[in-house]
Amino acid sequence: MQQNMKAVEIQGFGAPDVLKIASRPVPNPVSGEVLVRVMAAGVNRPDLLQRMGKYPPPPGVSDIPGLEIAGEIVESHHPDWGVGDRVCALLAGGGYAEYAVVPGGQCLPVPHGLNMVQAAALPETAFTVWNNVFVRGHLKADETVLIHGGSSGIGTTAIQMAKALGARVVITAGNDDKCAACIKLGADIAINYKTQDFVAEIAKIGGVDVILDMVGGDYVPRNLDCLKLDGRHVSIASLNGAKAEIDIRTIMQKRIIMTGSTLRPRSVEEKSSLAHGLRTNIWPLIEAGKITPLIHATFPLADAAKAHALLESGNMAGKIVLET
């Protein structure tokens, strides 16, 4: 008989209260996959968009939201993992549940010294930052990076990863408390974008080499003004709108590279390659205590709606995690 599990369903697109606990069949892993008993699942902005009907899962992916988990493998069809292994993993969907199937290449060991809640807060942000700041943005030691949304899950991870790898970090955030939290995490300069002009503040330090932008819209031309020669502008979201008007001459004169990416639709092979990069370059820094996920709040799985409401409010610094 098929075993069932508790999972969070999106019962009609809309406000957080469309998230309801339901009974679903436990998924079955196939070759190359593992079945994880989920102990914690991270909550991310793409989950909010999926709940509102604006970010559907890729074809063949579970309609259950949730892009990152931590837990214990209970069935393995992948040579690198065995039953009982403690892992955190990046998913294309299905994380808000008691069990989830994951391609083995997208799993990483729970770092020594971290609990399951902390581990569940790692994959989505760590994969995103590694791919965009270091692989695409080519941030190097002794360079300066500007991170918009510094107090977000992405931002707090990016601050720590950039500092641990020797870069100078500038962030923007929406109030002084968030700025102070980012400085405590290691940011060198924190700019309150509501009371300060970030372009003018960055001009005082001679510009930045890389920008991680999740704002888009009218921020993009201002970002270009902040970049040094050969600067790199990396877009990962468009909270202020998907369209921007820019002066092409600025790109030409400064030799700027503009790039960006989304993570969810990428192939298992691409995500597995990013996982390898993280395990080689970032996991040792986590285990050395140089990078620690910042957890703002945890909720039981049944309170996913409350978790979404908190994330939507913006009144947080760090990650929100569901516990099963």
# chains A, B, ... in the order shown; residues from 1 in each chain; ligands from 1
>>> residues_around(residues="A:Met258", least_positions_apart="2", cutoff="8 Å", atoms="only C-alpha atoms", output="NGL selection string")
:A and (232-235 or 256 or 260)
>>> write_last_selection(atoms="C-alpha atoms", output="PDB file, in the first residue's frame")
ATOM      1  CA  ARG A 232      30.096  43.022 -13.593  1.00  0.00           C
ATOM      2  CA  HIS A 233      26.362  43.490 -13.027  1.00  0.00           C
ATOM      3  CA  VAL A 234      24.487  40.319 -12.045  1.00  0.00           C
ATOM      4  CA  SER A 235      20.667  40.263 -11.923  1.00  0.00           C
ATOM      5  CA  ILE A 256      30.710  46.496 -18.135  1.00  0.00           C
ATOM      6  CA  GLY A 260      22.103  37.156 -14.610  1.00  0.00           C
TER       7      GLY A 260
END
>>> select_by_dssp(residues="stretch 23-207 of chain A", states="alpha helix (DSSP H)", output="VMD selection string")
chain A and resid 45 to 51 116 to 120 123 to 129 153 to 164 176 to 185 198 to 203
>>> residues_around(residues="stretch 44-46 of chain A", least_positions_apart="4", cutoff="10 Å", atoms="only C-alpha atoms", output="list in words")
Gln50, Arg51, Met52, Lys54, Tyr55, Pro56, Pro65, Gly66, Leu67, Glu68, Ala121, Glu124, Thr125, Ser152, Gly153, Ile154, Ala237, Arg264, Ala307, His308, Leu311, Glu312, Lys319, Ile320 and Val321 of chain A
>>> write_last_selection(atoms="N, CA and C atoms", output="PDB file, in the first residue's frame")
ATOM      1  N   GLN A  50       5.267  31.345  -6.526  1.00  0.00           N
ATOM      2  CA  GLN A  50       4.531  30.139  -6.934  1.00  0.00           C
ATOM      3  C   GLN A  50       3.148  30.127  -6.288  1.00  0.00           C
ATOM      4  N   ARG A  51       3.084  30.512  -5.029  1.00  0.00           N
ATOM      5  CA  ARG A  51       1.794  30.549  -4.335  1.00  0.00           C
ATOM      6  C   ARG A  51       0.824  31.521  -4.995  1.00  0.00           C
ATOM      7  N   MET A  52       1.350  32.593  -5.584  1.00  0.00           N
ATOM      8  CA  MET A  52       0.507  33.593  -6.246  1.00  0.00           C
ATOM      9  C   MET A  52       0.230  33.267  -7.712  1.00  0.00           C
ATOM     10  N   LYS A  54       2.544  32.968 -10.087  1.00  0.00           N
ATOM     11  CA  LYS A  54       3.452  33.696 -10.972  1.00  0.00           C
ATOM     12  C   LYS A  54       4.748  32.940 -11.270  1.00  0.00           C
ATOM     13  N   TYR A  55       4.928  31.752 -10.689  1.00  0.00           N
ATOM     14  CA  TYR A  55       6.192  31.018 -10.887  1.00  0.00           C
ATOM     15  C   TYR A  55       5.903  29.521 -10.837  1.00  0.00           C
ATOM     16  N   PRO A  56       5.286  28.989 -11.883  1.00  0.00           N
ATOM     17  CA  PRO A  56       4.906  27.573 -11.851  1.00  0.00           C
ATOM     18  C   PRO A  56       6.117  26.664 -11.848  1.00  0.00           C
ATOM     19  N   PRO A  65       5.271  23.411  -2.938  1.00  0.00           N
ATOM     20  CA  PRO A  65       6.362  24.386  -2.920  1.00  0.00           C
ATOM     21  C   PRO A  65       7.534  23.909  -2.068  1.00  0.00           C
ATOM     22  N   GLY A  66       8.644  24.633  -2.171  1.00  0.00           N
ATOM     23  CA  GLY A  66       9.817  24.322  -1.350  1.00  0.00           C
ATOM     24  C   GLY A  66      11.010  23.939  -2.190  1.00  0.00           C
ATOM     25  N   LEU A  67      12.059  24.756  -2.117  1.00  0.00           N
ATOM     26  CA  LEU A  67      13.228  24.586  -2.981  1.00  0.00           C
ATOM     27  C   LEU A  67      14.483  24.146  -2.241  1.00  0.00           C
ATOM     28  N   GLU A  68      14.406  23.987  -0.927  1.00  0.00           N
ATOM     29  CA  GLU A  68      15.592  23.546  -0.181  1.00  0.00           C
ATOM     30  C   GLU A  68      15.159  22.833   1.087  1.00  0.00           C
ATOM     31  N   ALA A 121      18.631  26.107   5.547  1.00  0.00           N
ATOM     32  CA  ALA A 121      18.713  27.495   5.083  1.00  0.00           C
ATOM     33  C   ALA A 121      19.858  27.712   4.106  1.00  0.00           C
ATOM     34  N   GLU A 124      19.421  26.922  -1.277  1.00  0.00           N
ATOM     35  CA  GLU A 124      18.934  27.889  -2.259  1.00  0.00           C
ATOM     36  C   GLU A 124      19.820  29.133  -2.292  1.00  0.00           C
ATOM     37  N   THR A 125      20.185  29.617  -1.122  1.00  0.00           N
ATOM     38  CA  THR A 125      21.006  30.828  -1.078  1.00  0.00           C
ATOM     39  C   THR A 125      22.444  30.540  -1.489  1.00  0.00           C
ATOM     40  N   SER A 152      18.445  40.123   3.491  1.00  0.00           N
ATOM     41  CA  SER A 152      17.660  38.970   3.028  1.00  0.00           C
ATOM     42  C   SER A 152      18.454  37.683   3.205  1.00  0.00           C
ATOM     43  N   GLY A 153      17.800  36.562   2.962  1.00  0.00           N
ATOM     44  CA  GLY A 153      18.518  35.289   3.016  1.00  0.00           C
ATOM     45  C   GLY A 153      19.671  35.249   2.044  1.00  0.00           C
ATOM     46  N   ILE A 154      19.423  35.688   0.806  1.00  0.00           N
ATOM     47  CA  ILE A 154      20.491  35.763  -0.189  1.00  0.00           C
ATOM     48  C   ILE A 154      21.572  36.720   0.282  1.00  0.00           C
ATOM     49  N   ALA A 237      16.798  38.965  -9.668  1.00  0.00           N
ATOM     50  CA  ALA A 237      15.362  39.179  -9.452  1.00  0.00           C
ATOM     51  C   ALA A 237      15.027  40.584  -9.930  1.00  0.00           C
ATOM     52  N   ARG A 264      16.089  27.603 -10.761  1.00  0.00           N
ATOM     53  CA  ARG A 264      15.140  26.488 -10.736  1.00  0.00           C
ATOM     54  C   ARG A 264      15.069  25.689 -12.042  1.00  0.00           C
ATOM     55  N   ALA A 307       4.624  31.719   7.853  1.00  0.00           N
ATOM     56  CA  ALA A 307       5.985  31.927   7.363  1.00  0.00           C
ATOM     57  C   ALA A 307       5.980  32.790   6.111  1.00  0.00           C
ATOM     58  N   HIS A 308       5.056  32.533   5.209  1.00  0.00           N
ATOM     59  CA  HIS A 308       4.947  33.328   3.984  1.00  0.00           C
ATOM     60  C   HIS A 308       4.577  34.777   4.306  1.00  0.00           C
ATOM     61  N   LEU A 311       7.671  36.583   5.552  1.00  0.00           N
ATOM     62  CA  LEU A 311       8.609  36.887   4.478  1.00  0.00           C
ATOM     63  C   LEU A 311       8.085  38.026   3.606  1.00  0.00           C
ATOM     64  N   GLU A 312       6.802  38.022   3.320  1.00  0.00           N
ATOM     65  CA  GLU A 312       6.214  39.094   2.520  1.00  0.00           C
ATOM     66  C   GLU A 312       6.308  40.445   3.207  1.00  0.00           C
ATOM     67  N   LYS A 319      16.990  34.023   7.278  1.00  0.00           N
ATOM     68  CA  LYS A 319      16.118  33.033   6.672  1.00  0.00           C
ATOM     69  C   LYS A 319      14.968  32.641   7.585  1.00  0.00           C
ATOM     70  N   ILE A 320      13.883  32.188   6.946  1.00  0.00           N
ATOM     71  CA  ILE A 320      12.735  31.602   7.612  1.00  0.00           C
ATOM     72  C   ILE A 320      12.701  30.130   7.229  1.00  0.00           C
ATOM     73  N   VAL A 321      12.501  29.271   8.217  1.00  0.00           N
ATOM     74  CA  VAL A 321      12.585  27.823   7.974  1.00  0.00           C
ATOM     75  C   VAL A 321      11.365  27.129   8.584  1.00  0.00           C
TER      76      VAL A 321
END
>>> select_by_dssp(residues="stretch 54-247 of chain A", states="strand (DSSP E or B)", output="ChimeraX atom specification")
/A:68-76,86-90,97,99-103,107-109,144-147,168-173,189-192,208-213,227-235
>>> write_last_selection(atoms="N, CA and C atoms", output="compact mmCIF listing (two decimals), in the first residue's frame")
# COMPACT_ATOMS: atom_id res chain seq x y z
N GLU A 68 14.41 23.99 -0.93
CA GLU A 68 15.59 23.55 -0.18
C GLU A 68 15.16 22.83 1.09
N ILE A 69 15.89 21.78 1.41
CA ILE A 69 15.54 20.96 2.57
C ILE A 69 16.81 20.48 3.27
N ALA A 70 16.61 19.97 4.48
CA ALA A 70 17.64 19.19 5.17
C ALA A 70 16.95 18.01 5.83
N GLY A 71 17.63 16.89 5.84
CA GLY A 71 17.04 15.70 6.44
C GLY A 71 17.94 14.50 6.30
N GLU A 72 17.33 13.32 6.39
CA GLU A 72 18.06 12.06 6.39
C GLU A 72 17.59 11.19 5.22
N ILE A 73 18.53 10.63 4.51
CA ILE A 73 18.18 9.76 3.38
C ILE A 73 17.61 8.44 3.89
N VAL A 74 16.44 8.07 3.37
CA VAL A 74 15.81 6.81 3.76
C VAL A 74 15.79 5.81 2.61
N GLU A 75 16.11 6.25 1.41
CA GLU A 75 16.21 5.35 0.25
C GLU A 75 17.13 6.01 -0.76
N SER A 76 18.11 5.25 -1.27
CA SER A 76 19.07 5.84 -2.20
C SER A 76 19.20 5.01 -3.47
N ARG A 86 23.02 12.24 6.36
CA ARG A 86 22.38 13.52 6.66
C ARG A 86 22.77 14.52 5.57
N VAL A 87 21.77 15.05 4.88
CA VAL A 87 22.05 15.91 3.73
C VAL A 87 21.19 17.17 3.77
N CYS A 88 21.66 18.18 3.07
CA CYS A 88 20.80 19.30 2.68
C CYS A 88 20.81 19.30 1.16
N ALA A 89 19.76 19.82 0.56
CA ALA A 89 19.61 19.63 -0.88
C ALA A 89 18.81 20.76 -1.51
N LEU A 90 19.15 21.00 -2.77
CA LEU A 90 18.42 21.94 -3.61
C LEU A 90 17.38 21.15 -4.41
N ALA A 97 7.19 19.28 2.79
CA ALA A 97 6.58 17.96 2.98
C ALA A 97 7.44 17.13 3.92
N TYR A 99 8.50 14.12 3.22
CA TYR A 99 9.48 13.40 2.41
C TYR A 99 9.62 14.12 1.07
N ALA A 100 10.82 14.05 0.51
CA ALA A 100 11.06 14.67 -0.80
C ALA A 100 12.08 13.84 -1.57
N VAL A 101 11.89 13.78 -2.89
CA VAL A 101 12.83 13.12 -3.78
C VAL A 101 13.77 14.17 -4.37
N VAL A 102 15.06 13.84 -4.40
CA VAL A 102 16.07 14.78 -4.88
C VAL A 102 17.08 14.06 -5.75
N PRO A 103 17.52 14.64 -6.88
CA PRO A 103 18.67 14.09 -7.59
C PRO A 103 19.88 14.07 -6.67
N CYS A 107 22.50 17.07 -3.73
CA CYS A 107 22.62 16.94 -2.27
C CYS A 107 24.04 17.32 -1.83
N LEU A 108 24.11 17.84 -0.62
CA LEU A 108 25.38 18.14 0.02
C LEU A 108 25.30 17.64 1.46
N PRO A 109 26.41 17.22 2.04
CA PRO A 109 26.36 16.78 3.43
C PRO A 109 26.02 17.93 4.36
N THR A 144 35.59 44.63 -4.63
CA THR A 144 34.47 45.12 -3.83
C THR A 144 33.16 44.72 -4.51
N VAL A 145 32.24 44.19 -3.70
CA VAL A 145 30.93 43.79 -4.21
C VAL A 145 29.85 44.61 -3.51
N LEU A 146 28.85 45.03 -4.27
CA LEU A 146 27.65 45.67 -3.74
C LEU A 146 26.53 44.65 -3.75
N ILE A 147 25.93 44.42 -2.60
CA ILE A 147 24.84 43.46 -2.46
C ILE A 147 23.59 44.21 -2.07
N ARG A 168 35.76 42.86 -0.30
CA ARG A 168 35.19 43.95 0.47
C ARG A 168 33.70 44.00 0.14
N VAL A 169 32.85 44.21 1.16
CA VAL A 169 31.41 44.08 0.97
C VAL A 169 30.69 45.38 1.33
N VAL A 170 29.87 45.85 0.39
CA VAL A 170 28.97 46.97 0.61
C VAL A 170 27.55 46.44 0.43
N ILE A 171 26.64 46.84 1.32
CA ILE A 171 25.25 46.38 1.19
C ILE A 171 24.29 47.56 1.26
N THR A 172 23.08 47.33 0.74
CA THR A 172 21.97 48.24 1.00
C THR A 172 20.90 47.48 1.77
N ALA A 173 20.20 48.20 2.65
CA ALA A 173 19.07 47.63 3.39
C ALA A 173 18.12 48.76 3.73
N ILE A 189 30.53 48.17 4.66
CA ILE A 189 29.74 49.40 4.56
C ILE A 189 28.28 49.01 4.38
N ALA A 190 27.40 49.63 5.16
CA ALA A 190 25.96 49.39 5.04
C ALA A 190 25.26 50.70 4.75
N ILE A 191 24.44 50.73 3.70
CA ILE A 191 23.77 51.94 3.25
C ILE A 191 22.26 51.76 3.41
N ASN A 192 21.65 52.66 4.17
CA ASN A 192 20.19 52.67 4.31
C ASN A 192 19.62 53.36 3.08
N VAL A 208 32.45 50.01 -7.27
CA VAL A 208 32.53 48.59 -6.93
C VAL A 208 32.81 47.77 -8.18
N ASP A 209 33.27 46.54 -7.96
CA ASP A 209 33.62 45.67 -9.08
C ASP A 209 32.47 44.78 -9.53
N VAL A 210 31.64 44.36 -8.57
CA VAL A 210 30.53 43.44 -8.85
C VAL A 210 29.29 43.94 -8.12
N ILE A 211 28.13 43.83 -8.77
CA ILE A 211 26.86 44.14 -8.12
C ILE A 211 25.94 42.93 -8.22
N LEU A 212 25.43 42.49 -7.08
CA LEU A 212 24.40 41.45 -7.05
C LEU A 212 23.07 42.17 -6.84
N ASP A 213 22.23 42.16 -7.88
CA ASP A 213 21.02 42.97 -7.87
C ASP A 213 19.78 42.10 -7.93
N LEU A 227 29.52 51.05 -10.92
CA LEU A 227 30.54 50.08 -11.30
C LEU A 227 31.83 50.75 -11.77
N LYS A 228 32.93 50.10 -11.42
CA LYS A 228 34.24 50.51 -11.92
C LYS A 228 34.43 50.02 -13.35
N LEU A 229 35.57 50.35 -13.93
CA LEU A 229 35.94 49.77 -15.23
C LEU A 229 35.96 48.26 -15.12
N ASP A 230 35.45 47.59 -16.15
CA ASP A 230 35.39 46.12 -16.20
C ASP A 230 34.50 45.54 -15.10
N GLY A 231 33.53 46.34 -14.62
CA GLY A 231 32.61 45.86 -13.60
C GLY A 231 31.64 44.84 -14.15
N ARG A 232 31.06 44.07 -13.22
CA ARG A 232 30.10 43.02 -13.59
C ARG A 232 28.79 43.24 -12.83
N HIS A 233 27.69 43.28 -13.59
CA HIS A 233 26.36 43.49 -13.03
C HIS A 233 25.59 42.19 -13.17
N VAL A 234 25.16 41.62 -12.04
CA VAL A 234 24.49 40.32 -12.05
C VAL A 234 23.07 40.47 -11.49
N SER A 235 22.07 40.15 -12.31
CA SER A 235 20.67 40.26 -11.92
C SER A 235 20.11 38.90 -11.53
>>> closest_atom_pairs(of="stretch 158-256 of chain A", to="stretch 273-297 of chain A", cutoff="7 Å", atoms="only C-alpha atoms", output="tab-separated table")
residue	atom	partner	partner_atom	distance
A:Gln160	CA	A:Ile291	CA	5.5
A:Met161	CA	A:Ile291	CA	6.6
A:Ala164	CA	A:Lys290	CA	6.3
>>> write_last_selection(atoms="all heavy atoms", output="CSV table (one decimal), in the first residue's frame")
chain,number,residue,atom,x,y,z
A,160,GLN,N,28.6,36.9,3.9
A,160,GLN,CA,29.6,36.0,4.6
A,160,GLN,C,30.5,35.2,3.6
A,160,GLN,O,31.7,35.1,3.8
A,160,GLN,CB,28.8,34.9,5.4
A,160,GLN,CG,28.1,35.6,6.6
A,160,GLN,CD,27.4,34.5,7.4
A,160,GLN,OE1,28.0,33.8,8.2
A,160,GLN,NE2,26.1,34.4,7.2
A,161,MET,N,29.9,34.8,2.4
A,161,MET,CA,30.7,34.1,1.4
A,161,MET,C,31.8,35.1,0.8
A,161,MET,O,32.9,34.7,0.7
A,161,MET,CB,29.8,33.5,0.4
A,161,MET,CG,29.1,32.3,0.9
A,161,MET,SD,27.8,31.6,-0.3
A,161,MET,CE,28.8,31.2,-1.7
A,164,ALA,N,34.5,35.8,3.5
A,164,ALA,CA,35.3,34.6,3.7
A,164,ALA,C,36.3,34.4,2.6
A,164,ALA,O,37.4,33.8,2.8
A,164,ALA,CB,34.4,33.4,3.9
>>> residues_around(residues="A:Ala7", least_positions_apart="2", cutoff="7 Å", atoms="only C-alpha atoms", output="MDAnalysis selection string")
chainID A and resid 5 9 21:24 96:98
>>> residues_around(residues="A:Gly53", least_positions_apart="5", cutoff="9 Å", atoms="only C-alpha atoms", output="ChimeraX atom specification")
/A:12-14,48
>>> write_last_selection(atoms="all heavy atoms", output="PDB file, in the first residue's frame")
ATOM      1  N   GLY A  12      -5.411  26.985  -4.503  1.00  0.00           N
ATOM      2  CA  GLY A  12      -5.888  28.204  -5.144  1.00  0.00           C
ATOM      3  C   GLY A  12      -4.868  29.309  -4.974  1.00  0.00           C
ATOM      4  O   GLY A  12      -4.346  29.522  -3.882  1.00  0.00           O
ATOM      5  N   PHE A  13      -4.525  30.000  -6.046  1.00  0.00           N
ATOM      6  CA  PHE A  13      -3.491  31.035  -5.984  1.00  0.00           C
ATOM      7  C   PHE A  13      -4.003  32.264  -5.240  1.00  0.00           C
ATOM      8  O   PHE A  13      -5.159  32.668  -5.391  1.00  0.00           O
ATOM      9  CB  PHE A  13      -3.055  31.423  -7.395  1.00  0.00           C
ATOM     10  CG  PHE A  13      -2.460  30.287  -8.175  1.00  0.00           C
ATOM     11  CD1 PHE A  13      -2.929  29.979  -9.442  1.00  0.00           C
ATOM     12  CD2 PHE A  13      -1.454  29.520  -7.627  1.00  0.00           C
ATOM     13  CE1 PHE A  13      -2.389  28.923 -10.161  1.00  0.00           C
ATOM     14  CE2 PHE A  13      -0.907  28.461  -8.335  1.00  0.00           C
ATOM     15  CZ  PHE A  13      -1.373  28.155  -9.607  1.00  0.00           C
ATOM     16  N   GLY A  14      -3.102  32.859  -4.442  1.00  0.00           N
ATOM     17  CA  GLY A  14      -3.508  34.059  -3.720  1.00  0.00           C
ATOM     18  C   GLY A  14      -2.667  34.330  -2.497  1.00  0.00           C
ATOM     19  O   GLY A  14      -1.461  34.079  -2.489  1.00  0.00           O
ATOM     20  N   LEU A  48       6.845  32.261  -2.673  1.00  0.00           N
ATOM     21  CA  LEU A  48       5.746  33.224  -2.624  1.00  0.00           C
ATOM     22  C   LEU A  48       5.162  33.431  -4.018  1.00  0.00           C
ATOM     23  O   LEU A  48       3.936  33.492  -4.194  1.00  0.00           O
ATOM     24  CB  LEU A  48       6.222  34.572  -2.079  1.00  0.00           C
ATOM     25  CG  LEU A  48       6.996  34.602  -0.760  1.00  0.00           C
ATOM     26  CD1 LEU A  48       7.200  36.050  -0.302  1.00  0.00           C
ATOM     27  CD2 LEU A  48       6.302  33.804   0.318  1.00  0.00           C
TER      28      LEU A  48
END
>>> closest_residue(among="A:Glu245, A:Leu91, A:Gly137, A:Val61", to="A:Ser261", atoms="only C-alpha atoms")
A:Gly137
